[in-house]
file data09.txt (compact mmCIF, C-alpha atoms)
# COMPACT_ATOMS: atom_id res chain seq x y z
CA MET V 8 74.97 -90.68 136.47
CA ALA V 9 72.32 -88.12 135.51
CA THR V 10 72.20 -86.91 139.11
CA ALA V 11 75.95 -86.45 139.21
CA THR V 12 75.84 -84.52 135.93
CA ALA V 13 73.06 -82.29 137.22
CA THR V 14 74.96 -81.64 140.43
CA LYS V 15 78.08 -80.80 138.46
CA ASN V 16 76.16 -78.40 136.22
CA ALA V 17 74.51 -76.77 139.24
CA GLY V 18 77.94 -76.32 140.86
CA ALA V 19 79.30 -74.79 137.67
CA SER V 20 76.28 -72.51 137.45
CA ARG V 21 76.81 -71.29 141.03
CA ALA V 22 80.51 -70.75 140.36
CA SER V 23 79.74 -68.67 137.28
CA VAL V 24 77.16 -66.62 139.15
CA SER V 25 79.60 -65.88 141.97
CA LYS V 26 82.12 -64.45 139.47
CA LEU V 27 79.97 -61.47 138.52
CA THR V 28 81.76 -58.11 138.53
CA MET V 29 80.33 -54.70 139.36
CA TYR V 30 80.50 -52.22 136.47
CA GLU V 31 79.87 -48.46 136.40
CA TRP V 32 78.15 -47.20 133.28
CA VAL V 33 77.21 -43.92 131.62
CA ALA V 34 74.53 -43.95 128.90
CA LEU V 35 72.12 -41.67 127.03
CA ASP V 36 68.41 -42.36 127.19
CA LYS V 37 65.92 -41.83 124.35
CA ARG V 38 65.74 -38.08 125.15
CA GLY V 39 69.52 -37.74 125.03
CA LYS V 40 69.74 -37.29 128.81
CA LYS V 41 72.88 -38.66 130.47
CA MET V 42 72.20 -41.50 132.90
CA LYS V 43 74.59 -43.17 135.36
CA GLY V 44 74.40 -46.39 137.31
CA GLU V 45 75.95 -49.68 138.37
CA LEU V 46 75.31 -53.18 137.11
CA GLN V 47 76.72 -56.61 137.92
CA SER V 48 77.68 -58.77 134.97
CA LYS V 49 80.29 -61.22 133.65
CA ASN V 50 81.84 -58.64 131.31
CA ALA V 51 81.41 -55.12 129.92
CA SER V 52 79.86 -56.35 126.66
CA LEU V 53 76.93 -57.89 128.48
CA VAL V 54 76.42 -54.63 130.40
CA LYS V 55 76.24 -52.71 127.10
CA ALA V 56 73.82 -55.26 125.70
CA GLU V 57 71.58 -54.92 128.75
CA LEU V 58 71.63 -51.11 128.47
CA ARG V 59 70.64 -51.28 124.78
CA ARG V 60 67.85 -53.68 125.70
CA GLN V 61 66.54 -51.03 128.07
CA GLY V 62 66.57 -48.44 125.26
CA MET V 63 69.75 -46.60 126.25
CA ASN V 64 72.88 -45.81 124.26
CA PRO V 65 75.94 -46.81 126.33
CA GLN V 66 78.77 -44.27 126.39
CA THR V 67 81.25 -45.71 128.87
CA VAL V 68 81.28 -48.97 130.81
CA ARG V 69 84.11 -49.71 133.20
CA GLU V 70 84.79 -52.00 136.11
CA LYS V 71 84.03 -50.29 139.40
CA PRO V 72 87.33 -49.49 141.15
CA LYS V 73 87.92 -50.84 144.63
CA PRO V 74 88.36 -48.31 147.47
CA LEU V 75 91.95 -47.42 148.40
CA PHE V 76 91.67 -48.96 151.87
CA GLY V 77 89.72 -52.07 150.90
CA SER V 78 86.19 -52.77 149.85
CA THR V 79 84.93 -54.71 152.85
CA GLY V 80 83.39 -51.67 154.58
CA SER V 81 82.49 -51.49 158.23
CA ARG V 82 81.20 -54.52 160.09
CA VAL V 83 77.56 -55.48 159.79
CA LYS V 84 75.79 -54.37 162.95
CA PRO V 85 72.78 -56.15 164.51
CA ARG V 86 70.75 -53.02 163.80
CA ASP V 87 71.51 -53.45 160.07
CA VAL V 88 70.18 -57.01 160.26
CA ALA V 89 67.05 -55.79 162.08
CA ILE V 90 66.37 -53.18 159.39
CA PHE V 91 66.99 -55.76 156.65
CA SER V 92 64.54 -58.14 158.37
CA ARG V 93 61.80 -55.54 158.30
CA GLN V 94 62.53 -54.64 154.66
CA ILE V 95 62.48 -58.23 153.39
CA ALA V 96 59.34 -58.98 155.43
CA THR V 97 57.52 -55.95 154.00
CA MET V 98 58.50 -56.79 150.42
CA MET V 99 57.60 -60.46 150.72
CA ALA V 100 54.22 -59.56 152.24
CA SER V 101 53.65 -57.17 149.30
CA GLY V 102 54.25 -59.94 146.79
CA VAL V 103 57.71 -58.91 145.62
CA PRO V 104 59.71 -61.98 144.47
CA MET V 105 62.46 -62.94 146.89
CA VAL V 106 65.36 -62.51 144.46
CA GLN V 107 64.10 -59.11 143.37
CA ALA V 108 63.60 -58.08 147.00
CA PHE V 109 67.22 -58.94 147.79
CA GLU V 110 68.39 -57.01 144.74
CA ILE V 111 66.43 -53.92 145.79
CA ILE V 112 67.63 -54.04 149.40
CA ALA V 113 71.26 -54.66 148.38
CA GLY V 114 71.10 -51.71 146.00
CA GLY V 115 70.11 -49.41 148.85
CA GLN V 116 72.91 -50.46 151.21
CA ARG V 117 75.68 -47.98 151.99
CA ASN V 118 77.85 -50.55 153.76
CA PRO V 119 79.82 -52.40 151.03
CA ARG V 120 80.27 -55.47 153.23
CA PHE V 121 76.55 -55.88 153.87
CA LYS V 122 75.77 -55.10 150.23
CA ASN V 123 78.15 -57.83 149.03
CA MET V 124 76.70 -60.21 151.61
CA LEU V 125 73.11 -59.66 150.42
CA THR V 126 74.20 -59.95 146.79
CA ASP V 127 75.90 -63.28 147.53
CA ILE V 128 72.78 -64.53 149.34
CA LYS V 129 70.67 -63.55 146.33
CA GLN V 130 73.02 -65.40 143.98
CA THR V 131 72.95 -68.47 146.23
CA ILE V 132 69.13 -68.48 146.10
CA GLU V 133 69.25 -68.11 142.31
CA GLY V 134 71.53 -71.16 142.29
CA GLY V 135 68.75 -73.27 143.81
CA SER V 136 69.30 -72.97 147.57
CA THR V 137 66.55 -72.19 150.05
CA LEU V 138 66.56 -68.93 151.98
CA HIS V 139 67.62 -70.49 155.30
CA GLU V 140 70.50 -72.30 153.56
CA ALA V 141 71.66 -69.06 151.94
CA LEU V 142 71.44 -67.16 155.23
CA GLY V 143 73.32 -69.98 156.97
CA LYS V 144 76.47 -69.01 155.04
CA TYR V 145 76.76 -66.03 157.40
CA PRO V 146 76.21 -67.45 160.92
CA ILE V 147 77.53 -64.34 162.67
CA GLN V 148 74.94 -62.03 161.15
CA PHE V 149 72.15 -64.62 160.80
CA ASP V 150 72.40 -66.86 163.85
CA GLU V 151 70.95 -70.31 164.42
CA LEU V 152 67.69 -68.88 165.76
CA PHE V 153 67.18 -66.67 162.70
CA CYS V 154 67.83 -69.56 160.30
CA ASN V 155 65.62 -71.97 162.29
CA LEU V 156 62.70 -69.56 162.18
CA VAL V 157 63.11 -68.99 158.44
CA GLN V 158 63.33 -72.75 157.86
CA ALA V 159 60.13 -73.28 159.87
CA GLY V 160 58.39 -70.63 157.76
CA GLU V 161 59.56 -72.23 154.52
CA SER V 162 58.43 -75.69 155.65
CA ALA V 163 54.97 -74.44 156.67
CA GLY V 164 54.53 -72.25 153.57
CA VAL V 165 54.12 -69.07 155.64
CA LEU V 166 57.52 -67.49 155.04
CA ASP V 167 56.14 -63.94 154.73
CA THR V 168 54.35 -64.24 158.08
CA VAL V 169 57.42 -65.70 159.79
CA LEU V 170 59.67 -63.00 158.31
CA ASP V 171 57.34 -60.36 159.75
CA THR V 172 57.58 -62.10 163.14
CA VAL V 173 61.37 -62.25 162.86
CA ALA V 174 61.51 -58.55 161.96
CA THR V 175 59.42 -57.60 165.00
CA TYR V 176 61.55 -59.86 167.18
CA LYS V 177 64.81 -58.31 165.93
CA GLU V 178 63.48 -54.79 166.48
CA ARG V 179 62.41 -55.65 170.03
CA MET V 180 65.76 -57.24 170.85
CA GLU V 181 67.71 -54.27 169.49
CA GLY V 182 65.48 -51.96 171.52
CA ILE V 183 66.32 -53.84 174.72
CA LYS V 184 70.04 -53.92 173.86
CA SER V 185 70.10 -50.16 173.29
CA LYS V 186 68.44 -49.57 176.65
CA ILE V 187 70.95 -51.83 178.42
CA LYS V 188 73.83 -49.99 176.77
CA LYS V 189 72.28 -46.72 177.87
CA ALA V 190 71.96 -47.99 181.45
CA LEU V 191 75.61 -49.09 181.55
CA PHE V 192 76.89 -45.99 179.76
CA TYR V 193 76.02 -43.50 182.50
CA PRO V 194 77.98 -45.12 185.35
CA ALA V 195 80.96 -45.67 183.03
CA MET V 196 80.78 -42.03 181.95
CA VAL V 197 80.71 -40.81 185.57
CA MET V 198 83.85 -42.78 186.40
CA ALA V 199 85.62 -41.77 183.18
CA VAL V 200 84.90 -38.05 183.61
CA ALA V 201 85.86 -38.14 187.29
CA PHE V 202 89.16 -39.87 186.44
CA LEU V 203 89.93 -37.45 183.60
CA VAL V 204 89.22 -34.34 185.66
CA SER V 205 91.31 -35.68 188.54
CA MET V 206 94.28 -36.33 186.23
CA ILE V 207 94.06 -32.84 184.73
CA ILE V 208 94.04 -31.22 188.16
CA LEU V 209 96.90 -33.37 189.50
CA LEU V 210 99.06 -32.93 186.39
CA PHE V 211 98.53 -29.27 185.53
CA VAL V 212 96.81 -27.35 188.34
CA VAL V 213 98.45 -28.67 191.52
CA PRO V 214 102.07 -28.00 190.34
CA VAL V 215 101.24 -24.27 189.98
CA PHE V 216 99.98 -24.08 193.56
CA GLN V 217 102.92 -26.21 194.72
CA ASP V 218 105.38 -23.54 193.53
CA VAL V 219 103.39 -20.83 195.31
CA PHE V 220 103.39 -22.80 198.59
CA LYS V 221 107.14 -23.47 198.29
CA ASN V 222 107.88 -19.76 197.95
CA ALA V 223 105.60 -18.93 200.91
CA GLY V 224 107.47 -21.39 203.17
CA ALA V 225 104.43 -22.01 205.36
CA ALA V 226 103.47 -25.38 206.84
CA LEU V 227 100.82 -27.10 204.73
CA PRO V 228 97.60 -28.66 206.06
CA ALA V 229 97.39 -32.46 205.89
CA ALA V 230 94.71 -32.40 203.12
CA THR V 231 96.87 -30.11 200.96
CA GLN V 232 99.96 -32.27 201.49
CA ILE V 233 98.02 -35.38 200.45
CA VAL V 234 96.93 -33.70 197.20
CA ILE V 235 100.51 -32.52 196.49
CA ASN V 236 101.95 -35.99 197.16
CA ALA V 237 99.33 -37.49 194.85
CA SER V 238 100.28 -34.95 192.18
CA LYS V 239 103.98 -35.83 192.47
CA PHE V 240 103.18 -39.53 192.15
CA VAL V 241 101.01 -38.99 189.07
CA GLN V 242 103.65 -36.78 187.41
CA ALA V 243 106.36 -39.38 188.05
CA TYR V 244 104.37 -42.54 187.27
CA TRP V 245 101.57 -41.42 184.89
CA TRP V 246 102.77 -44.02 182.39
CA LEU V 247 102.44 -46.76 185.02
CA ILE V 248 98.90 -45.63 185.90
CA LEU V 249 97.97 -45.62 182.21
CA LEU V 250 99.55 -49.05 181.69
CA ILE V 251 97.72 -50.54 184.69
CA LEU V 252 94.41 -49.01 183.56
CA VAL V 253 94.67 -50.22 179.96
CA GLY V 254 96.08 -53.59 181.04
CA SER V 255 93.23 -54.12 183.49
CA ILE V 256 90.60 -53.34 180.86
CA VAL V 257 92.22 -55.54 178.22
CA GLY V 258 92.83 -58.33 180.73
CA LEU V 259 89.21 -58.19 181.89
CA VAL V 260 87.90 -58.37 178.32
CA MET V 261 90.25 -61.23 177.35
CA ALA V 262 89.49 -63.21 180.51
CA ASN V 263 85.76 -62.75 179.90
CA LYS V 264 86.13 -64.11 176.36
CA ARG V 265 88.50 -67.00 177.03
CA SER V 266 87.48 -68.23 180.49
CA ARG V 267 83.90 -69.40 180.86
CA LYS V 268 84.29 -69.67 184.64
CA PHE V 269 85.40 -66.04 184.85
CA ALA V 270 82.64 -64.93 182.50
CA HIS V 271 80.08 -66.80 184.62
CA PHE V 272 81.48 -65.21 187.80
CA LEU V 273 81.43 -61.71 186.26
CA ASP V 274 77.90 -62.16 184.95
CA ARG V 275 76.68 -63.34 188.36
CA MET V 276 78.34 -60.36 190.06
CA LEU V 277 76.69 -57.96 187.61
CA LEU V 278 73.28 -59.53 188.27
CA ARG V 279 73.78 -58.88 192.01
CA PHE V 280 74.87 -55.28 191.47
CA PRO V 281 72.35 -52.71 192.81
CA ILE V 282 69.97 -51.23 190.21
CA ILE V 283 72.10 -52.33 187.22
CA GLY V 284 71.70 -55.99 188.21
CA ASN V 285 67.93 -55.65 188.32
CA ILE V 286 67.90 -54.13 184.82
CA LEU V 287 70.12 -56.92 183.45
CA ARG V 288 67.91 -59.56 185.11
CA GLN V 289 64.71 -58.08 183.67
CA SER V 290 66.36 -57.80 180.27
CA ALA V 291 67.35 -61.48 180.32
CA LEU V 292 63.80 -62.48 181.27
CA ALA V 293 62.31 -60.31 178.50
CA ARG V 294 64.66 -61.72 175.87
CA PHE V 295 64.08 -65.29 177.04
CA ALA V 296 60.30 -64.94 176.90
CA ARG V 297 60.28 -63.08 173.57
CA THR V 298 62.66 -65.54 171.89
CA LEU V 299 60.93 -68.67 173.19
CA GLY V 300 57.53 -67.25 172.24
CA VAL V 301 58.67 -66.50 168.68
CA THR V 302 60.23 -69.96 168.16
CA PHE V 303 57.21 -71.74 169.63
CA GLN V 304 54.81 -69.69 167.48
CA ALA V 305 56.86 -70.47 164.35
CA GLY V 306 56.57 -74.19 165.03
CA VAL V 307 60.21 -74.88 165.92
CA PRO V 308 60.37 -77.94 168.22
CA LEU V 309 60.78 -76.79 171.81
CA VAL V 310 63.85 -78.83 172.74
CA GLU V 311 65.62 -77.89 169.50
CA ALA V 312 64.88 -74.21 170.06
CA MET V 313 66.25 -74.05 173.61
CA ASP V 314 69.90 -73.77 172.53
CA ALA V 315 69.11 -70.71 170.41
CA VAL V 316 66.96 -69.31 173.23
CA ALA V 317 69.86 -69.76 175.68
CA GLY V 318 72.16 -67.73 173.47
CA ALA V 319 69.58 -64.98 173.04
CA THR V 320 69.19 -64.19 176.76
CA GLY V 321 72.35 -62.09 176.80
CA SER V 322 73.36 -63.62 180.13
CA ILE V 323 75.63 -66.61 180.77
CA VAL V 324 73.83 -67.40 184.04
CA TYR V 325 70.40 -67.43 182.41
CA GLY V 326 71.79 -69.19 179.33
CA ASP V 327 73.03 -72.06 181.49
CA ALA V 328 69.65 -72.16 183.23
CA VAL V 329 67.84 -72.45 179.89
CA ARG V 330 70.12 -75.34 178.85
CA GLN V 331 69.33 -77.05 182.15
CA MET V 332 65.63 -76.54 181.37
CA ARG V 333 66.19 -78.07 177.92
CA ASP V 334 67.62 -81.23 179.47
CA ASP V 335 64.70 -81.48 181.90
CA VAL V 336 62.09 -80.92 179.17
CA ALA V 337 63.84 -83.50 176.94
CA VAL V 338 63.20 -86.23 179.55
CA GLY V 339 59.51 -85.33 179.88
CA HIS V 340 59.25 -82.62 182.55
CA GLN V 341 56.85 -79.73 182.13
CA MET V 342 58.53 -76.45 181.28
CA GLN V 343 57.11 -74.63 184.29
CA LEU V 344 58.58 -77.34 186.56
CA ALA V 345 61.97 -77.18 184.83
CA MET V 346 61.85 -73.39 185.09
CA ARG V 347 61.11 -73.52 188.81
CA GLN V 348 64.07 -75.85 189.44
CA THR V 349 66.58 -73.24 188.22
CA GLY V 350 65.62 -70.77 190.95
CA LEU V 351 66.20 -67.83 188.59
CA PHE V 352 62.71 -67.17 187.28
CA PRO V 353 60.19 -65.11 189.31
CA ASN V 354 56.99 -66.80 190.41
CA MET V 355 54.97 -64.67 187.99
CA VAL V 356 56.91 -66.02 185.01
CA VAL V 357 56.56 -69.61 186.23
CA GLN V 358 52.80 -69.22 186.78
CA MET V 359 52.24 -67.57 183.38
CA THR V 360 54.17 -70.41 181.74
CA ALA V 361 52.11 -73.00 183.61
CA ILE V 362 48.86 -71.34 182.48
CA GLY V 363 50.14 -71.23 178.91
CA GLU V 364 51.03 -74.95 178.96
CA GLU V 365 47.65 -75.93 180.39
CA SER V 366 45.63 -73.74 178.01
CA GLY V 367 47.69 -74.49 174.90
CA ALA V 368 48.58 -70.81 174.49
CA LEU V 369 52.20 -70.85 175.65
CA ASP V 370 53.39 -68.43 172.97
CA SER V 371 50.72 -65.89 173.90
CA MET V 372 51.61 -66.04 177.59
CA LEU V 373 55.32 -65.72 176.83
CA PHE V 374 54.67 -62.63 174.73
CA LYS V 375 52.76 -61.08 177.65
CA VAL V 376 55.71 -61.83 179.96
CA ALA V 377 58.10 -60.31 177.43
CA GLU V 378 56.01 -57.14 177.09
CA PHE V 379 55.84 -56.75 180.87
CA TYR V 380 59.60 -57.03 181.37
CA GLU V 381 60.40 -54.90 178.34
CA GLU V 382 58.30 -52.16 179.88
CA GLU V 383 60.05 -52.70 183.23
CA VAL V 384 63.45 -52.36 181.58
CA SER V 385 62.38 -49.17 179.83
CA ASN V 386 61.08 -47.63 183.06
CA ALA V 387 64.16 -48.71 185.05
CA VAL V 388 66.55 -47.19 182.49
CA ASP V 389 64.61 -43.92 182.44
CA THR V 390 64.64 -43.82 186.25
CA LEU V 391 68.35 -44.59 186.35
CA SER V 392 69.07 -41.81 183.87
CA THR V 393 67.09 -39.35 185.97
CA LEU V 394 68.90 -40.36 189.16
CA LEU V 395 72.37 -40.34 187.62
CA GLU V 396 72.19 -36.80 186.25
CA PRO V 397 72.40 -35.19 189.74
CA LEU V 398 74.74 -38.00 190.87
CA ILE V 399 77.24 -37.00 188.18
CA MET V 400 77.20 -33.44 189.51
CA VAL V 401 77.67 -34.66 193.10
CA VAL V 402 80.59 -36.99 192.26
CA LEU V 403 82.38 -34.39 190.16
CA GLY V 404 81.65 -31.73 192.78
CA VAL V 405 83.12 -33.82 195.59
CA ILE V 406 86.26 -34.74 193.63
CA VAL V 407 86.96 -31.36 192.04
CA GLY V 408 85.66 -29.35 194.98
CA GLY V 409 87.68 -31.40 197.48
CA MET V 410 90.90 -30.83 195.55
CA VAL V 411 90.25 -27.11 195.08
CA ILE V 412 89.46 -26.61 198.76
CA SER V 413 92.63 -28.51 199.74
CA LEU V 414 94.69 -26.24 197.51
CA TYR V 415 93.15 -23.04 198.91
CA LEU V 416 93.42 -24.03 202.59
CA PRO V 417 97.03 -22.73 202.92
CA ILE V 418 96.02 -19.46 201.26
CA PHE V 419 93.18 -19.02 203.74
CA LYS V 420 95.60 -19.83 206.60
CA LEU V 421 98.14 -17.28 205.40
CA ALA V 422 95.42 -14.65 205.01
CA GLY V 423 94.28 -15.33 208.60
CA THR V 424 97.74 -14.75 210.01
CA VAL V 425 98.22 -11.40 208.27
call {"tool": "encode", "arguments": {"input": "data09.txt", "output": "structure tokens"}}
result
Amino acid sequence: MATATATKNAGASRASVSKLTMYEWVALDKRGKKMKGELQSKNASLVKAELRRQGMNPQTVREKPKPLFGSTGSRVKPRDVAIFSRQIATMMASGVPMVQAFEIIAGGQRNPRFKNMLTDIKQTIEGGSTLHEALGKYPIQFDELFCNLVQAGESAGVLDTVLDTVATYKERMEGIKSKIKKALFYPAMVMAVAFLVSMIILLFVVPVFQDVFKNAGAALPAATQIVINASKFVQAYWWLILLILVGSIVGLVMANKRSRKFAHFLDRMLLRFPIIGNILRQSALARFARTLGVTFQAGVPLVEAMDAVAGATGSIVYGDAVRQMRDDVAVGHQMQLAMRQTGLFPNMVVQMTAIGEESGALDSMLFKVAEFYEEEVSNAVDTLSTLLEPLIMVVLGVIVGGMVISLYLPIFKLAGTV
């Protein structure tokens, strides 16, 4: 009966905490200087009482108005979570109490959605929950891996150390993601610019020359006629081209999200793609090694951690391979043997894992593998960027130059006959 009463009181306490409202206040300090700020409380009277306790004379206290277009703010990006991880790790290592650390970090957030999220987490902790339970309320921002690592740190009494490890891990992962995006951005930009320039020429430039050729009445070269026919088609069916282009992109994205078979096929094709495929493969290996090393170092059981590791690779093909490894390890196989059976891991990674298992330093070996492939990804992206800069000029030169030459061929022919 006492337990039920305590649970009921705890639930009521959490409910009352969650009903706090944000107030804006203006007050005069002891020198008569006007001060402004924000404070969460149950009502305006409590805000005034708190201000008087701090030695200030409250002038106005009002509920903070909600923005015209909603108060949720922009979505919380992985980079925001990485920065938060470093901030909370630094404060915890410096001896700042957890609740106070959350209050400080939330107060410095510009994104209302993330600010409200951190405030809610702080209130949940104040209500008696552990940190990993509070973070678990937001599985999109704080995934299973994040929560498992925090739970391991809480259980072992080394939460500050684990939070520092998590912060470093998040920063590394975001660094790899940004490099992958950079590697994929250049080819997409080349195709987009080439398509845009071609449409501009076909829609606006070719019709001008077409009128000139019609007035001249001369026979047109085959290349010029092809460009003119293409221009007529684009002018007549530009809406169809746009519809097909947008529909293809949307269809590709939807199929990738809803069909696992298609997503697996697309991921495998990307891994086989020249240059880009090698970067994606090295990225998956780096993320696998870094994630597994962090979970193993934090004391998370290996088999339990493999699901989170599979999701962190950023590749469906490698994710499936990691799950296959999990099943093999669960029945007693060594990891290096399970890794070799997938056929996706280079011999160097397998051998480093084997050495780590035999020496009892698996996490250290995995970190070395991660550092190697992170460096490889960085070098490959830099090389790709260097190679693509002249490639962009060549592609645009061939497309634009080919069209321009085709349009001027009749002019050169007419000049030769004069």
call {"tool": "residues_around", "arguments": {"input": "data09.txt", "residues": "Met359 (chain V)", "least_positions_apart": "6", "cutoff": "8 Å", "atoms": "only C-alpha atoms", "output": "JSON, numbers by chain"}}
result
{"V": [372, 373, 376]}
call {"tool": "write_last_selection", "arguments": {"input": "data09.txt", "atoms": "C-alpha atoms", "output": "PDB file, keeping the file's coordinate frame"}}
result
ATOM      1  CA  MET V 372      51.610 -66.040 177.590  1.00  0.00           C
ATOM      2  CA  LEU V 373      55.320 -65.720 176.830  1.00  0.00           C
ATOM      3  CA  VAL V 376      55.710 -61.830 179.960  1.00  0.00           C
TER       4      VAL V 376
END
call {"tool": "residues_around", "arguments": {"input": "data09.txt", "residues": "region 307-312 of chain V", "least_positions_apart": "6", "cutoff": "8 Å", "atoms": "only C-alpha atoms", "output": "PDB file with C-alpha atoms, in the frame of the given file"}}
result
ATOM      1  CA  LEU V 152      67.690 -68.880 165.760  1.00  0.00           C
ATOM      2  CA  ASN V 155      65.620 -71.970 162.290  1.00  0.00           C
ATOM      3  CA  LEU V 156      62.700 -69.560 162.180  1.00  0.00           C
ATOM      4  CA  ALA V 159      60.130 -73.280 159.870  1.00  0.00           C
ATOM      5  CA  LEU V 299      60.930 -68.670 173.190  1.00  0.00           C
ATOM      6  CA  ARG V 333      66.190 -78.070 177.920  1.00  0.00           C
ATOM      7  CA  VAL V 336      62.090 -80.920 179.170  1.00  0.00           C
ATOM      8  CA  ALA V 337      63.840 -83.500 176.940  1.00  0.00           C
TER       9      ALA V 337
END
call {"tool": "residues_around", "arguments": {"input": "data09.txt", "residues": "Val357 (chain V)", "least_positions_apart": "3", "cutoff": "12 Å", "atoms": "all atoms listed in the file", "output": "list in words"}}
result
Leu292, Ala296, Gln341, Met342, Gln343, Leu344, Ala345, Met346, Arg347, Gln348, Thr349, Gly350, Leu351, Phe352, Pro353, Asn354, Thr360, Ala361, Ile362, Gly363, Glu364, Leu369, Met372, Leu373 and Val376 of chain V
call {"tool": "write_last_selection", "arguments": {"input": "data09.txt", "atoms": "C-alpha atoms", "output": "PDB file, in the frame of the given file"}}
result
ATOM      1  CA  LEU V 292      63.800 -62.480 181.270  1.00  0.00           C
ATOM      2  CA  ALA V 296      60.300 -64.940 176.900  1.00  0.00           C
ATOM      3  CA  GLN V 341      56.850 -79.730 182.130  1.00  0.00           C
ATOM      4  CA  MET V 342      58.530 -76.450 181.280  1.00  0.00           C
ATOM      5  CA  GLN V 343      57.110 -74.630 184.290  1.00  0.00           C
ATOM      6  CA  LEU V 344      58.580 -77.340 186.560  1.00  0.00           C
ATOM      7  CA  ALA V 345      61.970 -77.180 184.830  1.00  0.00           C
ATOM      8  CA  MET V 346      61.850 -73.390 185.090  1.00  0.00           C
ATOM      9  CA  ARG V 347      61.110 -73.520 188.810  1.00  0.00           C
ATOM     10  CA  GLN V 348      64.070 -75.850 189.440  1.00  0.00           C
ATOM     11  CA  THR V 349      66.580 -73.240 188.220  1.00  0.00           C
ATOM     12  CA  GLY V 350      65.620 -70.770 190.950  1.00  0.00           C
ATOM     13  CA  LEU V 351      66.200 -67.830 188.590  1.00  0.00           C
ATOM     14  CA  PHE V 352      62.710 -67.170 187.280  1.00  0.00           C
ATOM     15  CA  PRO V 353      60.190 -65.110 189.310  1.00  0.00           C
ATOM     16  CA  ASN V 354      56.990 -66.800 190.410  1.00  0.00           C
ATOM     17  CA  THR V 360      54.170 -70.410 181.740  1.00  0.00           C
ATOM     18  CA  ALA V 361      52.110 -73.000 183.610  1.00  0.00           C
ATOM     19  CA  ILE V 362      48.860 -71.340 182.480  1.00  0.00           C
ATOM     20  CA  GLY V 363      50.140 -71.230 178.910  1.00  0.00           C
ATOM     21  CA  GLU V 364      51.030 -74.950 178.960  1.00  0.00           C
ATOM     22  CA  LEU V 369      52.200 -70.850 175.650  1.00  0.00           C
ATOM     23  CA  MET V 372      51.610 -66.040 177.590  1.00  0.00           C
ATOM     24  CA  LEU V 373      55.320 -65.720 176.830  1.00  0.00           C
ATOM     25  CA  VAL V 376      55.710 -61.830 179.960  1.00  0.00           C
TER      26      VAL V 376
END
call {"tool": "atom_distance", "arguments": {"input": "data09.txt", "atom1": "CA of Arg86 (chain V)", "atom2": "CA of Tyr380 (chain V)"}}
result
21.2 Å
call {"tool": "closest_residue", "arguments": {"input": "data09.txt", "among": "V:Val241, V:Leu394, V:Tyr193, V:Thr168", "to": "Ser205 (chain V)", "atoms": "all atoms listed in the file"}}
result
V:Val241
call {"tool": "residues_near_point", "arguments": {"input": "data09.txt", "point": "(72.0, -44.1, 134.1)", "cutoff": "8 Å", "atoms": "all atoms listed in the file", "output": "PDB file with C-alpha atoms, in the frame of the given file"}}
result
ATOM      1  CA  TRP V  32      78.150 -47.200 133.280  1.00  0.00           C
ATOM      2  CA  VAL V  33      77.210 -43.920 131.620  1.00  0.00           C
ATOM      3  CA  ALA V  34      74.530 -43.950 128.900  1.00  0.00           C
ATOM      4  CA  LEU V  35      72.120 -41.670 127.030  1.00  0.00           C
ATOM      5  CA  ASP V  36      68.410 -42.360 127.190  1.00  0.00           C
ATOM      6  CA  LYS V  41      72.880 -38.660 130.470  1.00  0.00           C
ATOM      7  CA  MET V  42      72.200 -41.500 132.900  1.00  0.00           C
ATOM      8  CA  LYS V  43      74.590 -43.170 135.360  1.00  0.00           C
ATOM      9  CA  GLY V  44      74.400 -46.390 137.310  1.00  0.00           C
TER      10      GLY V  44
END
call {"tool": "residues_around", "arguments": {"input": "data09.txt", "residues": "Ile282 (chain V)", "least_positions_apart": "3", "cutoff": "12 Å", "atoms": "all atoms listed in the file", "output": "VMD selection string"}}
result
chain V and resid 187 190 to 191 194 277 to 279 285 to 289 384 386 to 392 394 to 395
call {"tool": "write_last_selection", "arguments": {"input": "data09.txt", "atoms": "C-alpha atoms", "output": "tab-separated table (two decimals), keeping the file's coordinate frame"}}
result
chain	number	residue	atom	x	y	z
V	187	ILE	CA	70.95	-51.83	178.42
V	190	ALA	CA	71.96	-47.99	181.45
V	191	LEU	CA	75.61	-49.09	181.55
V	194	PRO	CA	77.98	-45.12	185.35
V	277	LEU	CA	76.69	-57.96	187.61
V	278	LEU	CA	73.28	-59.53	188.27
V	279	ARG	CA	73.78	-58.88	192.01
V	285	ASN	CA	67.93	-55.65	188.32
V	286	ILE	CA	67.90	-54.13	184.82
V	287	LEU	CA	70.12	-56.92	183.45
V	288	ARG	CA	67.91	-59.56	185.11
V	289	GLN	CA	64.71	-58.08	183.67
V	384	VAL	CA	63.45	-52.36	181.58
V	386	ASN	CA	61.08	-47.63	183.06
V	387	ALA	CA	64.16	-48.71	185.05
V	388	VAL	CA	66.55	-47.19	182.49
V	389	ASP	CA	64.61	-43.92	182.44
V	390	THR	CA	64.64	-43.82	186.25
V	391	LEU	CA	68.35	-44.59	186.35
V	392	SER	CA	69.07	-41.81	183.87
V	394	LEU	CA	68.90	-40.36	189.16
V	395	LEU	CA	72.37	-40.34	187.62
call {"tool": "closest_residue", "arguments": {"input": "data09.txt", "among": "V:Asn50, V:Thr97, V:Ala262, V:Ile235", "to": "Asp218 (chain V)", "atoms": "only C-alpha atoms"}}
result
V:Ile235
call {"tool": "atom_distance", "arguments": {"input": "data09.txt", "atom1": "CA of Ile283 (chain V)", "atom2": "CA of Thr175 (chain V)"}}
result
26.1 Å
call {"tool": "residues_around", "arguments": {"input": "data09.txt", "residues": "Cys154 (chain V)", "least_positions_apart": "4", "cutoff": "7 Å", "atoms": "all atoms listed in the file", "output": "list in words"}}
result
His139, Leu142, Gly143, Phe149, Asp150 and Gln158 of chain V
